[in-house]
Amino acid sequence: MFLGFIILSIIISLVIFLAKNNLVTKFLSSLFLLSLLAIIAYAYTNIEQINSIYYKFDNLGLLMAFILGILSLATFYHSKLYLNRHQFNNKQQAIYYTSLIMLITSMMSAYFAENIAVLWVSIEATTLFVSILIFHERTKDALEAAWKYLFVSSVGVALAFIGILFLSITASNNGITDLSLSHLLKISQVMSPIWLKMAFLLVLTGFSAKMGIFPLHTVAVDAHTVAPPPISAFISTTLMNVGFLGIFRIFSIISQTEVLHWAQNVLLIVGVLSVFMSAIQLLKIKHYKRMFAFSSLEHMGIVALGLGIGGIGYYAAILHIVFHSFVKAGLFYQIGQVHQFYKSYWIKDVSGYFKRNPIGGLAMILGIISILAIPPSGLFISEFLIFKAMFMAKHYYIGIFVLILLTVIVYSFSKNAFHLLYDEEKIAETEIVKANPYETISQFVLFGLVIYLGINPPIFFINLINSAVAILN
Amino acid sequence: MSYLFIILYAITLIYFALSERVKKFVWLLSIQGFILFGVVFFNLNKIEIFDFIFILVETILVKAIIVPWFLNRVRKHNHLSREHEPSIPVFYSIIVVVISLIISFILSNYLNNNHIHTKYFTVAFASILFGMYFIIIHKNIFSHVVGYLIIENGIFLMSLAVGSTMPMMVNLAILLDVLMGVLVLGIFINHIGDTFKSIEIDQLSKLKD
């Protein structure tokens, strides 16, 4: 079934690429979205079952797929707006949609991959397609960012492959030759610690480019800066979740062994350094999309901290990933609308947005409150849980240090946000731009969803997260 | 027989450190492809016949012919002949190759695991280390891709060393991924060459805070 979905997506994207016709693109994109939703629904009804040999509809994958499904709808809608605004020709539109569909497909494949080699292949594929999308505007900056993203990610992912090979060495010592996750989990307790440690370090370093955490976070930041806003929304959320999933899979093997404590310490170091880098960079930020990109670095750092602490931190980390995905995507869609008014993302050029577009301004305020984890945002709850876990586990120094860093981040973030919303406009209004208020609906829905899920999470949502982290406990 | 190929492979690494001409890099990559073909041909014939044929075709067709041919086209498109100023003198590079070989030799002896073919592991590990060094010392992005391919060849040898038997479909997918990666990287090099009129890495420094 899942393999059928992949083949269908490949056919759809090929036809779109070859036809280069707007009508065909529209029809086939809708068809793809329908099939995406259908496969997610199918996965939900067949939860925890193996499908197409290499795939398994496991809880965490399903949760990520839900996020991807919701954000795909929004991203396709905003992509249409973006492409219309910039008046790209049919060929460019065809390339855009082909890459977008293949990107979503490879992300789906990464979420549900049961075999670690298949996971690796899917992650490498996401890198290829997203770099084509980053290059979409064909500017010098886009070229630079696309090159850096593709090259550094490829080298990083190659490192991760060495890690996977190390894992297979210790697995084959214990009689498992395929890299199926369930087989590896079964023998994890007898695996050799030294190989596990090396594998974890290499995989963490390699996939850090995808997850956007320290040490290879810089390429993801550059990619956000120049990618079309709907694509930035994807890079910052679902694609980072792919990197997270890659690290999580190896971590779940390690969590059964004596190496767990060591790996958690590594994650704590990575998490603190990520938040630290983000705080430093946000102090001197000059570009709104970079600001959001560094905020993603901060949130992914917090997720790494959650994993590093363990206990309730696991639950909170997954919760944080879900909420962050919705909020950050909404912010990127909204900044795309801001660009329509000011034709720039530089902080010095953009001010007085609230006056120009009150509804968009309202969405922006809501988004900024949510991303800063101020109640009623769901992110407040997940961050609160992570800090609670941190203090309960007696990591006082880390907790206090990270809280100070978060204060710095809130300060620099809100300073720039107030500038965006309320400052006097510096440039004269040359042309009247009218924003369609309906374009803001998707952002309100996403922010509202985060508030709702934070305050009153439905049972099935809690169950999904709990069974996703059950493997770690 | 396999020792011959391993020694030949190590020699190509030393040649990489020695040469300054970009054309030679492409040749050396092609030669590495042929050496890998030899390694597979003489050592891997115990596996299933289809997997065996697939890996043979992969090494000879992709690693030894298609990728070098494509890189050569990219090289001609960008009029590359000589690496302008290698930031580190050749002499030091040779020392680095030798050191990386020694380190991997010691490491693989230290590991001394029954499930690893130590002889491949040594040269594979040296190849990965050297590939990274190669990326760091060169200033143009074409050489960076060459470095990436040296790492990839090292990883290929390492997967032989650990004897990991991935299913055919997965092998095919890995191959396609890497091949696509090289093609897209090559296309980007051409774009960068056309846009910036140079493929030195110093050109790519606009995106920062």
# chains A, B, ... in the order shown; residues from 1 in each chain; ligands from 1
$ residues_around --residues "region 192-208 of chain B" --least-positions-apart "5" --cutoff "8 Å" --atoms "only C-alpha atoms" --output "list in words"
Lys140, Asp141, Leu143, Glu144, Ala145 and Asp222 of chain A; Asn78, Lys139, Asn140, Ile141 and Phe142 of chain B
$ closest_atom_pairs --of "chain A" --to "chain B" --cutoff "8 Å" --atoms "only C-alpha atoms" --output "JSON lines"
{"residue": "A:Ala117", "atom": "CA", "partner": "B:Val170", "partner_atom": "CA", "distance": 6.9}
{"residue": "A:Val118", "atom": "CA", "partner": "B:Val170", "partner_atom": "CA", "distance": 6.4}
{"residue": "A:Val121", "atom": "CA", "partner": "B:Ile174", "partner_atom": "CA", "distance": 5.8}
{"residue": "A:Glu124", "atom": "CA", "partner": "B:Asp177", "partner_atom": "CA", "distance": 6.6}
{"residue": "A:Ala125", "atom": "CA", "partner": "B:Asp177", "partner_atom": "CA", "distance": 6.3}
{"residue": "A:Leu128", "atom": "CA", "partner": "B:Gly181", "partner_atom": "CA", "distance": 6.5}
{"residue": "A:Lys140", "atom": "CA", "partner": "B:Thr195", "partner_atom": "CA", "distance": 7.1}
{"residue": "A:Asp141", "atom": "CA", "partner": "B:Leu207", "partner_atom": "CA", "distance": 6.9}
{"residue": "A:Leu143", "atom": "CA", "partner": "B:Ile192", "partner_atom": "CA", "distance": 6.9}
{"residue": "A:Glu144", "atom": "CA", "partner": "B:Leu204", "partner_atom": "CA", "distance": 5.7}
{"residue": "A:Ala145", "atom": "CA", "partner": "B:Leu207", "partner_atom": "CA", "distance": 7.5}
{"residue": "A:Trp147", "atom": "CA", "partner": "B:Phe188", "partner_atom": "CA", "distance": 6.7}
{"residue": "A:Leu150", "atom": "CA", "partner": "B:Leu185", "partner_atom": "CA", "distance": 7.5}
{"residue": "A:Phe151", "atom": "CA", "partner": "B:Leu185", "partner_atom": "CA", "distance": 7.4}
{"residue": "A:Ser154", "atom": "CA", "partner": "B:Gly181", "partner_atom": "CA", "distance": 7.8}
{"residue": "A:Val155", "atom": "CA", "partner": "B:Tyr148", "partner_atom": "CA", "distance": 6.6}
{"residue": "A:Ala158", "atom": "CA", "partner": "B:Glu152", "partner_atom": "CA", "distance": 7.2}
{"residue": "A:Phe161", "atom": "CA", "partner": "B:Ile155", "partner_atom": "CA", "distance": 7.9}
{"residue": "A:Ile162", "atom": "CA", "partner": "B:Ile155", "partner_atom": "CA", "distance": 6.7}
{"residue": "A:Leu165", "atom": "CA", "partner": "B:Ser159", "partner_atom": "CA", "distance": 6.6}
{"residue": "A:Ser168", "atom": "CA", "partner": "B:Ser164", "partner_atom": "CA", "distance": 6.7}
{"residue": "A:Ile169", "atom": "CA", "partner": "B:Val162", "partner_atom": "CA", "distance": 5.8}
{"residue": "A:Ser172", "atom": "CA", "partner": "B:His115", "partner_atom": "CA", "distance": 7.3}
{"residue": "A:Asn173", "atom": "CA", "partner": "B:His115", "partner_atom": "CA", "distance": 6.5}
{"residue": "A:Thr177", "atom": "CA", "partner": "B:Ser164", "partner_atom": "CA", "distance": 6.5}
{"residue": "A:Asp178", "atom": "CA", "partner": "B:Met166", "partner_atom": "CA", "distance": 6.4}
{"residue": "A:Leu179", "atom": "CA", "partner": "B:Met166", "partner_atom": "CA", "distance": 7.8}
{"residue": "A:Asp222", "atom": "CA", "partner": "B:Leu207", "partner_atom": "CA", "distance": 6.5}
{"residue": "A:Gln281", "atom": "CA", "partner": "B:Asp209", "partner_atom": "CA", "distance": 7.8}
{"residue": "A:Lys284", "atom": "CA", "partner": "B:Asp209", "partner_atom": "CA", "distance": 7.4}
{"residue": "A:Ile285", "atom": "CA", "partner": "B:Asp209", "partner_atom": "CA", "distance": 6.5}
{"residue": "A:Lys286", "atom": "CA", "partner": "B:Asp209", "partner_atom": "CA", "distance": 7.0}
$ atom_distance --atom1 "CA of Tyr288 (chain A)" --atom2 "CA of Tyr345 (chain A)"
5.5 Å
$ atom_distance --atom1 "CA of Ser180 (chain A)" --atom2 "CA of Ile116 (chain A)"
6.3 Å
$ residues_around --residues "region 191-201 of chain A" --least-positions-apart "2" --cutoff "6 Å" --atoms "only C-alpha atoms" --output "PyMOL selection string"
chain A and resi 163+166-167+170+188-189+203-204
$ atom_distance --atom1 "CA of Ile459 (chain A)" --atom2 "CA of Leu366 (chain A)"
25.8 Å
$ select_by_dssp --residues "region 13-196 of chain B" --states "helix (DSSP H, G or I)" --output "number ranges by chain"
B: 13-18, 22-43, 49-77, 90-111, 118-137, 141-161, 168-196
